[in-house]
>>> print(open('final-v6.txt').read())   # compact mmCIF, N, CA and C atoms
# COMPACT_ATOMS: atom_id res chain seq x y z
N MET A 1 0.84 -1.17 0.00
CA MET A 1 0.00 0.00 0.00
C MET A 1 0.89 1.25 0.00
N THR A 2 0.58 2.20 -0.84
CA THR A 2 1.41 3.40 -0.91
C THR A 2 0.98 4.39 0.15
N ASP A 3 1.83 5.38 0.36
CA ASP A 3 1.50 6.40 1.36
C ASP A 3 0.26 7.20 0.95
N GLN A 4 0.09 7.42 -0.37
CA GLN A 4 -1.05 8.21 -0.84
C GLN A 4 -2.36 7.48 -0.60
N SER A 5 -2.47 6.19 -0.92
CA SER A 5 -3.72 5.45 -0.71
C SER A 5 -3.98 5.24 0.78
N LYS A 6 -2.92 5.15 1.59
CA LYS A 6 -3.08 5.00 3.02
C LYS A 6 -3.62 6.29 3.63
N ALA A 7 -3.25 7.43 3.08
CA ALA A 7 -3.72 8.72 3.60
C ALA A 7 -5.20 8.94 3.28
N ASP A 8 -5.71 8.33 2.20
CA ASP A 8 -7.11 8.49 1.83
C ASP A 8 -8.05 7.71 2.74
N GLN A 9 -7.55 6.68 3.42
CA GLN A 9 -8.40 5.87 4.28
C GLN A 9 -8.41 6.43 5.70
N PRO A 10 -9.58 6.50 6.33
CA PRO A 10 -9.61 7.01 7.70
C PRO A 10 -8.97 6.02 8.65
N LEU A 11 -8.24 6.55 9.63
CA LEU A 11 -7.57 5.71 10.61
C LEU A 11 -8.42 5.64 11.87
N ASP A 12 -8.25 4.57 12.62
CA ASP A 12 -8.96 4.52 13.89
C ASP A 12 -8.12 5.20 14.96
N VAL A 13 -8.72 5.42 16.12
CA VAL A 13 -8.08 6.19 17.19
C VAL A 13 -6.83 5.48 17.72
N GLU A 14 -6.87 4.13 17.84
CA GLU A 14 -5.72 3.41 18.38
C GLU A 14 -4.50 3.54 17.45
N GLU A 15 -4.76 3.41 16.16
CA GLU A 15 -3.64 3.54 15.21
C GLU A 15 -3.10 4.96 15.23
N ALA A 16 -3.99 5.94 15.38
CA ALA A 16 -3.53 7.32 15.45
C ALA A 16 -2.69 7.56 16.69
N ALA A 17 -3.05 6.94 17.82
CA ALA A 17 -2.25 7.08 19.04
C ALA A 17 -0.87 6.46 18.86
N VAL A 18 -0.81 5.31 18.19
CA VAL A 18 0.49 4.67 17.92
C VAL A 18 1.33 5.57 17.02
N ASN A 19 0.70 6.14 16.00
CA ASN A 19 1.43 7.04 15.09
C ASN A 19 1.93 8.28 15.83
N LEU A 20 1.14 8.81 16.75
CA LEU A 20 1.56 9.97 17.52
C LEU A 20 2.76 9.62 18.39
N ASP A 21 2.72 8.46 19.00
CA ASP A 21 3.84 8.02 19.82
C ASP A 21 5.10 7.88 18.98
N ARG A 22 4.95 7.30 17.78
CA ARG A 22 6.08 7.16 16.86
C ARG A 22 6.63 8.52 16.46
N ALA A 23 5.70 9.47 16.21
CA ALA A 23 6.13 10.80 15.77
C ALA A 23 6.94 11.49 16.86
N MET A 24 6.58 11.23 18.10
CA MET A 24 7.29 11.89 19.18
C MET A 24 8.68 11.26 19.40
N HIS A 25 8.84 9.98 19.07
CA HIS A 25 10.09 9.29 19.35
C HIS A 25 10.90 8.90 18.12
N ASP A 26 10.32 9.00 16.93
CA ASP A 26 11.03 8.58 15.71
C ASP A 26 11.08 9.76 14.74
N PRO A 27 12.17 10.48 14.71
CA PRO A 27 12.26 11.64 13.82
C PRO A 27 12.35 11.25 12.35
N ALA A 28 12.60 9.98 12.00
CA ALA A 28 12.71 9.55 10.62
C ALA A 28 11.39 8.99 10.09
N ARG A 29 10.28 9.35 10.68
CA ARG A 29 8.98 8.80 10.26
C ARG A 29 8.63 9.27 8.85
N ARG A 30 7.76 8.50 8.19
CA ARG A 30 7.38 8.82 6.81
C ARG A 30 5.94 9.34 6.72
N SER A 31 5.12 9.12 7.73
CA SER A 31 3.73 9.59 7.66
C SER A 31 3.53 10.78 8.58
N ASP A 32 2.45 11.48 8.37
CA ASP A 32 2.11 12.65 9.17
C ASP A 32 1.30 12.17 10.37
N ALA A 33 1.94 12.00 11.50
CA ALA A 33 1.28 11.45 12.68
C ALA A 33 0.18 12.38 13.19
N MET A 34 0.43 13.67 13.24
CA MET A 34 -0.57 14.61 13.74
C MET A 34 -1.79 14.66 12.80
N GLY A 35 -1.53 14.65 11.51
CA GLY A 35 -2.63 14.64 10.55
C GLY A 35 -3.48 13.39 10.69
N ASP A 36 -2.78 12.24 10.88
CA ASP A 36 -3.51 10.98 11.08
C ASP A 36 -4.35 11.03 12.36
N LEU A 37 -3.77 11.62 13.43
CA LEU A 37 -4.49 11.72 14.69
C LEU A 37 -5.76 12.55 14.54
N PHE A 38 -5.63 13.72 13.93
CA PHE A 38 -6.80 14.58 13.78
C PHE A 38 -7.83 14.01 12.81
N ALA A 39 -7.36 13.30 11.78
CA ALA A 39 -8.29 12.65 10.86
C ALA A 39 -9.09 11.57 11.60
N ALA A 40 -8.39 10.80 12.44
CA ALA A 40 -9.07 9.74 13.20
C ALA A 40 -10.05 10.33 14.21
N LEU A 41 -9.63 11.41 14.88
CA LEU A 41 -10.53 12.06 15.85
C LEU A 41 -11.76 12.66 15.15
N GLY A 42 -11.56 13.24 13.99
CA GLY A 42 -12.69 13.79 13.23
C GLY A 42 -13.66 12.70 12.81
N ALA A 43 -13.11 11.57 12.32
CA ALA A 43 -13.96 10.45 11.91
C ALA A 43 -14.72 9.88 13.11
N ALA A 44 -14.05 9.80 14.27
CA ALA A 44 -14.72 9.29 15.47
C ALA A 44 -15.83 10.24 15.92
N ALA A 45 -15.58 11.54 15.83
CA ALA A 45 -16.61 12.52 16.22
C ALA A 45 -17.81 12.45 15.28
N GLN A 46 -17.56 12.28 13.99
CA GLN A 46 -18.67 12.16 13.04
C GLN A 46 -19.49 10.90 13.31
N GLU A 47 -18.81 9.81 13.61
CA GLU A 47 -19.51 8.56 13.90
C GLU A 47 -20.35 8.69 15.17
N MET A 48 -19.81 9.34 16.19
CA MET A 48 -20.57 9.54 17.43
C MET A 48 -21.80 10.42 17.17
N ALA A 49 -21.64 11.46 16.36
CA ALA A 49 -22.77 12.34 16.03
C ALA A 49 -23.85 11.57 15.28
N ARG A 50 -23.43 10.70 14.35
CA ARG A 50 -24.39 9.89 13.60
C ARG A 50 -25.15 8.95 14.53
N GLN A 51 -24.43 8.33 15.47
CA GLN A 51 -25.07 7.42 16.41
C GLN A 51 -26.05 8.16 17.32
N ARG A 52 -25.67 9.34 17.78
CA ARG A 52 -26.59 10.13 18.62
C ARG A 52 -27.83 10.54 17.85
N ARG A 53 -27.66 10.92 16.58
CA ARG A 53 -28.79 11.31 15.74
C ARG A 53 -29.75 10.14 15.54
N GLU A 54 -29.18 8.95 15.26
CA GLU A 54 -30.01 7.75 15.11
C GLU A 54 -30.73 7.41 16.41
N ALA A 55 -30.05 7.54 17.54
CA ALA A 55 -30.68 7.26 18.83
C ALA A 55 -31.83 8.23 19.10
N ARG A 56 -31.63 9.51 18.78
CA ARG A 56 -32.71 10.50 18.96
C ARG A 56 -33.91 10.17 18.08
N GLU A 57 -33.65 9.76 16.84
CA GLU A 57 -34.75 9.40 15.93
C GLU A 57 -35.51 8.18 16.46
N LEU A 58 -34.78 7.19 16.98
CA LEU A 58 -35.44 6.00 17.54
C LEU A 58 -36.29 6.36 18.76
N ILE A 59 -35.78 7.22 19.63
CA ILE A 59 -36.54 7.65 20.81
C ILE A 59 -37.77 8.43 20.38
N LYS A 60 -37.62 9.30 19.38
CA LYS A 60 -38.73 10.10 18.89
C LYS A 60 -39.82 9.21 18.29
N ALA A 61 -39.41 8.21 17.51
CA ALA A 61 -40.37 7.29 16.91
C ALA A 61 -41.08 6.46 17.98
N ALA A 62 -40.33 6.03 18.99
CA ALA A 62 -40.95 5.26 20.08
C ALA A 62 -41.94 6.11 20.86
N ARG A 63 -41.61 7.37 21.08
CA ARG A 63 -42.50 8.26 21.81
C ARG A 63 -43.78 8.51 21.01
N ARG A 64 -43.65 8.66 19.68
CA ARG A 64 -44.83 8.86 18.84
C ARG A 64 -45.74 7.64 18.84
N ALA A 65 -45.15 6.46 18.91
CA ALA A 65 -45.92 5.22 18.85
C ALA A 65 -46.48 4.82 20.22
N ASP A 66 -46.09 5.51 21.28
CA ASP A 66 -46.54 5.17 22.63
C ASP A 66 -48.06 5.38 22.71
N PRO A 67 -48.82 4.39 23.19
CA PRO A 67 -50.28 4.51 23.26
C PRO A 67 -50.75 5.69 24.11
N VAL A 68 -50.05 5.98 25.19
CA VAL A 68 -50.45 7.10 26.04
C VAL A 68 -50.27 8.42 25.29
N THR A 69 -49.17 8.55 24.59
CA THR A 69 -48.92 9.77 23.81
C THR A 69 -49.95 9.92 22.70
N ARG A 70 -50.25 8.82 22.03
CA ARG A 70 -51.25 8.88 20.96
C ARG A 70 -52.62 9.26 21.51
N ALA A 71 -52.99 8.71 22.67
CA ALA A 71 -54.27 9.06 23.29
C ALA A 71 -54.30 10.52 23.70
N ASN A 72 -53.19 11.03 24.23
CA ASN A 72 -53.13 12.45 24.61
C ASN A 72 -53.27 13.35 23.40
N ARG A 73 -52.60 13.00 22.30
CA ARG A 73 -52.72 13.81 21.08
C ARG A 73 -54.13 13.77 20.54
N SER A 74 -54.76 12.59 20.55
CA SER A 74 -56.14 12.47 20.06
C SER A 74 -57.09 13.28 20.92
N ARG A 75 -56.91 13.21 22.24
CA ARG A 75 -57.78 13.96 23.15
C ARG A 75 -57.61 15.47 22.92
N GLY A 76 -56.38 15.91 22.74
CA GLY A 76 -56.12 17.33 22.48
C GLY A 76 -56.72 17.78 21.15
N ALA A 77 -56.60 16.94 20.13
CA ALA A 77 -57.16 17.29 18.83
C ALA A 77 -58.68 17.36 18.91
N ARG A 78 -59.28 16.40 19.62
CA ARG A 78 -60.74 16.39 19.77
C ARG A 78 -61.22 17.63 20.54
N ALA A 79 -60.50 17.97 21.61
CA ALA A 79 -60.88 19.15 22.40
C ALA A 79 -60.75 20.42 21.56
N GLY A 80 -59.70 20.51 20.76
CA GLY A 80 -59.54 21.67 19.88
C GLY A 80 -60.65 21.75 18.85
N TRP A 81 -61.02 20.61 18.30
CA TRP A 81 -62.10 20.59 17.31
C TRP A 81 -63.40 21.04 17.95
N GLU A 82 -63.71 20.49 19.14
CA GLU A 82 -64.95 20.87 19.83
C GLU A 82 -64.95 22.35 20.19
N LYS A 83 -63.82 22.86 20.60
CA LYS A 83 -63.72 24.28 20.95
C LYS A 83 -63.96 25.16 19.73
N ARG A 84 -63.38 24.79 18.59
CA ARG A 84 -63.59 25.56 17.36
C ARG A 84 -65.06 25.53 16.94
N ARG A 85 -65.67 24.34 17.01
CA ARG A 85 -67.08 24.24 16.61
C ARG A 85 -67.98 25.05 17.54
N ALA A 86 -67.70 25.02 18.84
CA ALA A 86 -68.50 25.80 19.80
C ALA A 86 -68.33 27.30 19.53
N ARG A 87 -67.10 27.73 19.24
CA ARG A 87 -66.88 29.14 18.95
C ARG A 87 -67.59 29.56 17.68
N GLU A 88 -67.54 28.71 16.64
CA GLU A 88 -68.23 29.03 15.40
C GLU A 88 -69.74 29.10 15.61
N ALA A 89 -70.30 28.17 16.41
CA ALA A 89 -71.74 28.18 16.69
C ALA A 89 -72.11 29.43 17.47
N ARG A 90 -71.28 29.81 18.45
CA ARG A 90 -71.56 31.01 19.24
C ARG A 90 -71.51 32.25 18.36
N GLU A 91 -70.50 32.35 17.48
CA GLU A 91 -70.40 33.50 16.59
C GLU A 91 -71.58 33.57 15.63
N GLN A 92 -72.02 32.42 15.13
CA GLN A 92 -73.17 32.41 14.22
C GLN A 92 -74.44 32.81 14.96
N ALA A 93 -74.60 32.33 16.20
CA ALA A 93 -75.79 32.71 16.98
C ALA A 93 -75.80 34.20 17.26
N LEU A 94 -74.63 34.77 17.57
CA LEU A 94 -74.56 36.21 17.82
C LEU A 94 -74.83 37.00 16.54
N ALA A 95 -74.38 36.46 15.40
CA ALA A 95 -74.63 37.16 14.13
C ALA A 95 -76.11 37.14 13.76
N GLU A 96 -76.82 36.10 14.20
CA GLU A 96 -78.25 35.98 13.86
C GLU A 96 -79.14 36.84 14.77
N ILE A 97 -78.60 37.29 15.90
CA ILE A 97 -79.41 38.11 16.81
C ILE A 97 -79.59 39.49 16.19
N ASP A 98 -80.84 39.91 16.11
CA ASP A 98 -81.16 41.23 15.57
C ASP A 98 -81.29 42.18 16.75
N ASP A 99 -80.48 43.24 16.75
CA ASP A 99 -80.49 44.14 17.90
C ASP A 99 -81.48 45.29 17.76
N THR A 100 -82.33 45.26 16.74
CA THR A 100 -83.35 46.30 16.63
C THR A 100 -84.50 45.98 17.58
N PRO A 101 -85.19 47.01 18.07
CA PRO A 101 -86.30 46.75 18.99
C PRO A 101 -87.39 45.90 18.32
N VAL A 102 -87.92 44.98 19.07
CA VAL A 102 -88.96 44.10 18.56
C VAL A 102 -90.31 44.76 18.84
N ARG A 103 -91.11 44.90 17.83
CA ARG A 103 -92.43 45.51 17.99
C ARG A 103 -93.47 44.42 18.11
N THR A 104 -94.17 44.44 19.18
CA THR A 104 -95.28 43.50 19.36
C THR A 104 -96.56 44.30 19.46
N GLY A 105 -97.36 44.16 18.49
CA GLY A 105 -98.62 44.92 18.47
C GLY A 105 -98.40 46.29 17.85
N PRO A 106 -99.47 47.05 17.73
CA PRO A 106 -99.36 48.37 17.10
C PRO A 106 -98.63 49.37 18.00
N VAL A 107 -97.75 50.14 17.39
CA VAL A 107 -97.02 51.18 18.11
C VAL A 107 -97.01 52.44 17.25
N CYS A 108 -96.61 53.53 17.88
CA CYS A 108 -96.50 54.81 17.18
C CYS A 108 -95.39 54.70 16.14
N ASP A 109 -95.55 55.31 15.02
CA ASP A 109 -94.58 55.18 13.92
C ASP A 109 -93.50 56.26 13.93
N GLU A 110 -93.45 57.12 14.93
CA GLU A 110 -92.50 58.22 14.94
C GLU A 110 -91.08 57.72 15.17
N MET A 111 -90.15 58.35 14.43
CA MET A 111 -88.73 57.99 14.53
C MET A 111 -87.94 59.24 14.85
N ASN A 112 -86.86 59.08 15.63
CA ASN A 112 -85.98 60.18 15.96
C ASN A 112 -84.56 59.60 16.06
N HIS A 113 -83.61 60.43 16.43
CA HIS A 113 -82.22 59.98 16.61
C HIS A 113 -81.83 60.18 18.06
N ASN A 114 -81.11 59.22 18.62
CA ASN A 114 -80.66 59.37 20.01
C ASN A 114 -79.37 60.18 20.05
N SER A 115 -78.71 60.24 21.19
CA SER A 115 -77.54 61.11 21.38
C SER A 115 -76.32 60.70 20.55
N VAL A 116 -76.29 59.46 20.10
CA VAL A 116 -75.15 59.01 19.28
C VAL A 116 -75.51 58.88 17.81
N GLY A 117 -76.72 59.32 17.45
CA GLY A 117 -77.11 59.34 16.04
C GLY A 117 -77.83 58.11 15.55
N SER A 118 -78.12 57.16 16.42
CA SER A 118 -78.84 55.96 16.00
C SER A 118 -80.33 56.25 15.90
N GLU A 119 -80.99 55.57 14.98
CA GLU A 119 -82.43 55.74 14.86
C GLU A 119 -83.14 55.04 16.01
N VAL A 120 -84.12 55.73 16.59
CA VAL A 120 -84.94 55.15 17.65
C VAL A 120 -86.40 55.37 17.27
N PHE A 121 -87.23 54.41 17.63
CA PHE A 121 -88.65 54.47 17.29
C PHE A 121 -89.47 54.56 18.56
N CYS A 122 -90.56 55.27 18.48
CA CYS A 122 -91.46 55.40 19.62
C CYS A 122 -92.17 54.07 19.85
N GLN A 123 -92.21 53.62 21.11
CA GLN A 123 -92.79 52.34 21.45
C GLN A 123 -94.15 52.48 22.15
N LEU A 124 -94.68 53.68 22.16
CA LEU A 124 -95.98 53.89 22.79
C LEU A 124 -97.10 53.54 21.83
N ASP A 125 -98.32 53.45 22.36
CA ASP A 125 -99.48 53.12 21.53
C ASP A 125 -99.72 54.22 20.49
N PRO A 126 -100.30 53.87 19.34
CA PRO A 126 -100.60 54.89 18.33
C PRO A 126 -101.62 55.90 18.88
N GLY A 127 -101.44 57.17 18.54
CA GLY A 127 -102.36 58.21 18.96
C GLY A 127 -102.18 58.64 20.39
N HIS A 128 -101.03 58.39 21.00
CA HIS A 128 -100.83 58.78 22.40
C HIS A 128 -100.71 60.30 22.51
N ASP A 129 -100.95 60.84 23.70
CA ASP A 129 -100.93 62.29 23.91
C ASP A 129 -99.62 62.76 24.54
N ASP A 130 -98.80 61.86 25.06
CA ASP A 130 -97.54 62.23 25.71
C ASP A 130 -96.43 62.38 24.69
N ASP A 131 -95.24 62.77 25.18
CA ASP A 131 -94.05 62.82 24.31
C ASP A 131 -93.71 61.41 23.86
N HIS A 132 -92.98 61.32 22.75
CA HIS A 132 -92.57 60.01 22.22
C HIS A 132 -91.50 59.40 23.13
N ASP A 133 -91.48 58.08 23.23
CA ASP A 133 -90.54 57.37 24.11
C ASP A 133 -90.13 56.06 23.44
N ASP A 134 -88.84 55.75 23.47
CA ASP A 134 -88.39 54.50 22.82
C ASP A 134 -88.21 53.36 23.82
N ASP A 135 -88.58 53.54 25.07
CA ASP A 135 -88.47 52.56 26.15
C ASP A 135 -87.02 52.26 26.55
N TYR A 136 -86.06 52.99 26.02
CA TYR A 136 -84.66 52.83 26.41
C TYR A 136 -84.09 54.12 26.97
N GLY A 137 -84.94 55.07 27.29
CA GLY A 137 -84.49 56.32 27.91
C GLY A 137 -84.47 57.51 27.00
N THR A 138 -84.75 57.36 25.73
CA THR A 138 -84.76 58.50 24.82
C THR A 138 -86.22 58.95 24.63
N THR A 139 -86.44 60.24 24.85
CA THR A 139 -87.77 60.84 24.62
C THR A 139 -87.61 62.06 23.74
N TRP A 140 -88.67 62.37 23.01
CA TRP A 140 -88.68 63.58 22.18
C TRP A 140 -90.10 64.11 22.12
N PRO A 141 -90.25 65.42 21.95
CA PRO A 141 -91.60 66.02 22.00
C PRO A 141 -92.41 65.71 20.77
N ARG A 142 -93.73 65.72 20.98
CA ARG A 142 -94.66 65.56 19.84
C ARG A 142 -94.63 66.85 19.03
N GLU A 143 -94.75 66.73 17.72
CA GLU A 143 -94.69 67.93 16.87
C GLU A 143 -96.05 68.38 16.40
N ASP A 144 -97.10 67.69 16.71
CA ASP A 144 -98.41 68.13 16.25
C ASP A 144 -99.24 68.78 17.30
>>> encode(input="final-v6.txt", output="structure tokens")
Amino acid sequence: MTDQSKADQPLDVEEAAVNLDRAMHDPARRSDAMGDLFAALGAAAQEMARQRREARELIKAARRADPVTRANRSRGARAGWEKRRAREAREQALAEIDDTPVRTGPVCDEMNHNSVGSEVFCQLDPGHDDDHDDDYGTTWPRED
């Protein structure tokens, strides 16, 4: 094996330690002991990172498959769905409520504006002799 093809292959940590020892005691060495050491340490660090990543993925998959976790996620999704449907029903019910005064039976047809400019209608009987009243505190004089 030539020095060039040997340099292309990653070394293990034990061989790198032997090479470092040789480099410290053998000045006639032919290989780069420090380069071999750092190459081996880099390869070992990459392998450890790969193993940790695989272990994290396995733990994550096991946690996802856990029946308790699946039940908790299902319960949370169901609660969220029910909450959204209740909110939508409440908003629709509020949108359907008409906030105009409900007239039951004949009332006076006179209309005026209250202090904020909204239209108010007289809620008294037709042909009454008193001032007009909308039953919410707004009154105005008769004009006839």
>>> closest_residue(input="final-v6.txt", among="A:Asp36, A:Glu15, A:Glu110, A:Glu119", to="A:His132", atoms="all atoms listed in the file")
A:Glu110
>>> atom_distance(input="final-v6.txt", atom1="atom CA of A:Ala16", atom2="atom CA of A:Ala49")
19.9 Å
>>> atom_distance(input="final-v6.txt", atom1="atom C of A:Cys108", atom2="atom C of A:Ala93")
28.4 Å
>>> atom_distance(input="final-v6.txt", atom1="atom CA of A:Val68", atom2="atom CA of A:Trp81")
19.8 Å
>>> residues_around(input="final-v6.txt", residues="A:Phe121", least_positions_apart="6", cutoff="6 Å", atoms="only N, CA and C atoms", output="ChimeraX atom specification")
/A:110-112,133-134
>>> select_by_dssp(input="final-v6.txt", residues="stretch 56-111 of chain A", states="alpha helix (DSSP H)", output="mmCIF file with N, CA and C atoms, in the frame of the given file")
data_model
loop_
_atom_site.group_PDB
_atom_site.id
_atom_site.type_symbol
_atom_site.label_atom_id
_atom_site.label_comp_id
_atom_site.auth_asym_id
_atom_site.auth_seq_id
_atom_site.Cartn_x
_atom_site.Cartn_y
_atom_site.Cartn_z
ATOM 1 N N ARG A 56 -31.630 9.510 18.780
ATOM 2 C CA ARG A 56 -32.710 10.500 18.960
ATOM 3 C C ARG A 56 -33.910 10.170 18.080
ATOM 4 N N GLU A 57 -33.650 9.760 16.840
ATOM 5 C CA GLU A 57 -34.750 9.400 15.930
ATOM 6 C C GLU A 57 -35.510 8.180 16.460
ATOM 7 N N LEU A 58 -34.780 7.190 16.980
ATOM 8 C CA LEU A 58 -35.440 6.000 17.540
ATOM 9 C C LEU A 58 -36.290 6.360 18.760
ATOM 10 N N ILE A 59 -35.780 7.220 19.630
ATOM 11 C CA ILE A 59 -36.540 7.650 20.810
ATOM 12 C C ILE A 59 -37.770 8.430 20.380
ATOM 13 N N LYS A 60 -37.620 9.300 19.380
ATOM 14 C CA LYS A 60 -38.730 10.100 18.890
ATOM 15 C C LYS A 60 -39.820 9.210 18.290
ATOM 16 N N ALA A 61 -39.410 8.210 17.510
ATOM 17 C CA ALA A 61 -40.370 7.290 16.910
ATOM 18 C C ALA A 61 -41.080 6.460 17.980
ATOM 19 N N ALA A 62 -40.330 6.030 18.990
ATOM 20 C CA ALA A 62 -40.950 5.260 20.080
ATOM 21 C C ALA A 62 -41.940 6.110 20.860
ATOM 22 N N ARG A 63 -41.610 7.370 21.080
ATOM 23 C CA ARG A 63 -42.500 8.260 21.810
ATOM 24 C C ARG A 63 -43.780 8.510 21.010
ATOM 25 N N ARG A 64 -43.650 8.660 19.680
ATOM 26 C CA ARG A 64 -44.830 8.860 18.840
ATOM 27 C C ARG A 64 -45.740 7.640 18.840
ATOM 28 N N ALA A 65 -45.150 6.460 18.910
ATOM 29 C CA ALA A 65 -45.920 5.220 18.850
ATOM 30 C C ALA A 65 -46.480 4.820 20.220
ATOM 31 N N PRO A 67 -48.820 4.390 23.190
ATOM 32 C CA PRO A 67 -50.280 4.510 23.260
ATOM 33 C C PRO A 67 -50.750 5.690 24.110
ATOM 34 N N VAL A 68 -50.050 5.980 25.190
ATOM 35 C CA VAL A 68 -50.450 7.100 26.040
ATOM 36 C C VAL A 68 -50.270 8.420 25.290
ATOM 37 N N THR A 69 -49.170 8.550 24.590
ATOM 38 C CA THR A 69 -48.920 9.770 23.810
ATOM 39 C C THR A 69 -49.950 9.920 22.700
ATOM 40 N N ARG A 70 -50.250 8.820 22.030
ATOM 41 C CA ARG A 70 -51.250 8.880 20.960
ATOM 42 C C ARG A 70 -52.620 9.260 21.510
ATOM 43 N N ALA A 71 -52.990 8.710 22.670
ATOM 44 C CA ALA A 71 -54.270 9.060 23.290
ATOM 45 C C ALA A 71 -54.300 10.520 23.700
ATOM 46 N N ASN A 72 -53.190 11.030 24.230
ATOM 47 C CA ASN A 72 -53.130 12.450 24.610
ATOM 48 C C ASN A 72 -53.270 13.350 23.400
ATOM 49 N N ARG A 73 -52.600 13.000 22.300
ATOM 50 C CA ARG A 73 -52.720 13.810 21.080
ATOM 51 C C ARG A 73 -54.130 13.770 20.540
ATOM 52 N N SER A 74 -54.760 12.590 20.550
ATOM 53 C CA SER A 74 -56.140 12.470 20.060
ATOM 54 C C SER A 74 -57.090 13.280 20.920
ATOM 55 N N ARG A 75 -56.910 13.210 22.240
ATOM 56 C CA ARG A 75 -57.780 13.960 23.150
ATOM 57 C C ARG A 75 -57.610 15.470 22.920
ATOM 58 N N GLY A 76 -56.380 15.910 22.740
ATOM 59 C CA GLY A 76 -56.120 17.330 22.480
ATOM 60 C C GLY A 76 -56.720 17.780 21.150
ATOM 61 N N ALA A 77 -56.600 16.940 20.130
ATOM 62 C CA ALA A 77 -57.160 17.290 18.830
ATOM 63 C C ALA A 77 -58.680 17.360 18.910
ATOM 64 N N ARG A 78 -59.280 16.400 19.620
ATOM 65 C CA ARG A 78 -60.740 16.390 19.770
ATOM 66 C C ARG A 78 -61.220 17.630 20.540
ATOM 67 N N ALA A 79 -60.500 17.970 21.610
ATOM 68 C CA ALA A 79 -60.880 19.150 22.400
ATOM 69 C C ALA A 79 -60.750 20.420 21.560
ATOM 70 N N GLY A 80 -59.700 20.510 20.760
ATOM 71 C CA GLY A 80 -59.540 21.670 19.880
ATOM 72 C C GLY A 80 -60.650 21.750 18.850
ATOM 73 N N TRP A 81 -61.020 20.610 18.300
ATOM 74 C CA TRP A 81 -62.100 20.590 17.310
ATOM 75 C C TRP A 81 -63.400 21.040 17.950
ATOM 76 N N GLU A 82 -63.710 20.490 19.140
ATOM 77 C CA GLU A 82 -64.950 20.870 19.830
ATOM 78 C C GLU A 82 -64.950 22.350 20.190
ATOM 79 N N LYS A 83 -63.820 22.860 20.600
ATOM 80 C CA LYS A 83 -63.720 24.280 20.950
ATOM 81 C C LYS A 83 -63.960 25.160 19.730
ATOM 82 N N ARG A 84 -63.380 24.790 18.590
ATOM 83 C CA ARG A 84 -63.590 25.560 17.360
ATOM 84 C C ARG A 84 -65.060 25.530 16.940
ATOM 85 N N ARG A 85 -65.670 24.340 17.010
ATOM 86 C CA ARG A 85 -67.080 24.240 16.610
ATOM 87 C C ARG A 85 -67.980 25.050 17.540
ATOM 88 N N ALA A 86 -67.700 25.020 18.840
ATOM 89 C CA ALA A 86 -68.500 25.800 19.800
ATOM 90 C C ALA A 86 -68.330 27.300 19.530
ATOM 91 N N ARG A 87 -67.100 27.730 19.240
ATOM 92 C CA ARG A 87 -66.880 29.140 18.950
ATOM 93 C C ARG A 87 -67.590 29.560 17.680
ATOM 94 N N GLU A 88 -67.540 28.710 16.640
ATOM 95 C CA GLU A 88 -68.230 29.030 15.400
ATOM 96 C C GLU A 88 -69.740 29.100 15.610
ATOM 97 N N ALA A 89 -70.300 28.170 16.410
ATOM 98 C CA ALA A 89 -71.740 28.180 16.690
ATOM 99 C C ALA A 89 -72.110 29.430 17.470
ATOM 100 N N ARG A 90 -71.280 29.810 18.450
ATOM 101 C CA ARG A 90 -71.560 31.010 19.240
ATOM 102 C C ARG A 90 -71.510 32.250 18.360
ATOM 103 N N GLU A 91 -70.500 32.350 17.480
ATOM 104 C CA GLU A 91 -70.400 33.500 16.590
ATOM 105 C C GLU A 91 -71.580 33.570 15.630
ATOM 106 N N GLN A 92 -72.020 32.420 15.130
ATOM 107 C CA GLN A 92 -73.170 32.410 14.220
ATOM 108 C C GLN A 92 -74.440 32.810 14.960
ATOM 109 N N ALA A 93 -74.600 32.330 16.200
ATOM 110 C CA ALA A 93 -75.790 32.710 16.980
ATOM 111 C C ALA A 93 -75.800 34.200 17.260
ATOM 112 N N LEU A 94 -74.630 34.770 17.570
ATOM 113 C CA LEU A 94 -74.560 36.210 17.820
ATOM 114 C C LEU A 94 -74.830 37.000 16.540
ATOM 115 N N ALA A 95 -74.380 36.460 15.400
ATOM 116 C CA ALA A 95 -74.630 37.160 14.130
ATOM 117 C C ALA A 95 -76.110 37.140 13.760
ATOM 118 N N GLU A 96 -76.820 36.100 14.200
ATOM 119 C CA GLU A 96 -78.250 35.980 13.860
ATOM 120 C C GLU A 96 -79.140 36.840 14.770
#
>>> closest_residue(input="final-v6.txt", among="A:Pro106, A:Pro67, A:Gly76, A:Gly42", to="A:Asp125", atoms="only C-alpha atoms")
A:Pro106
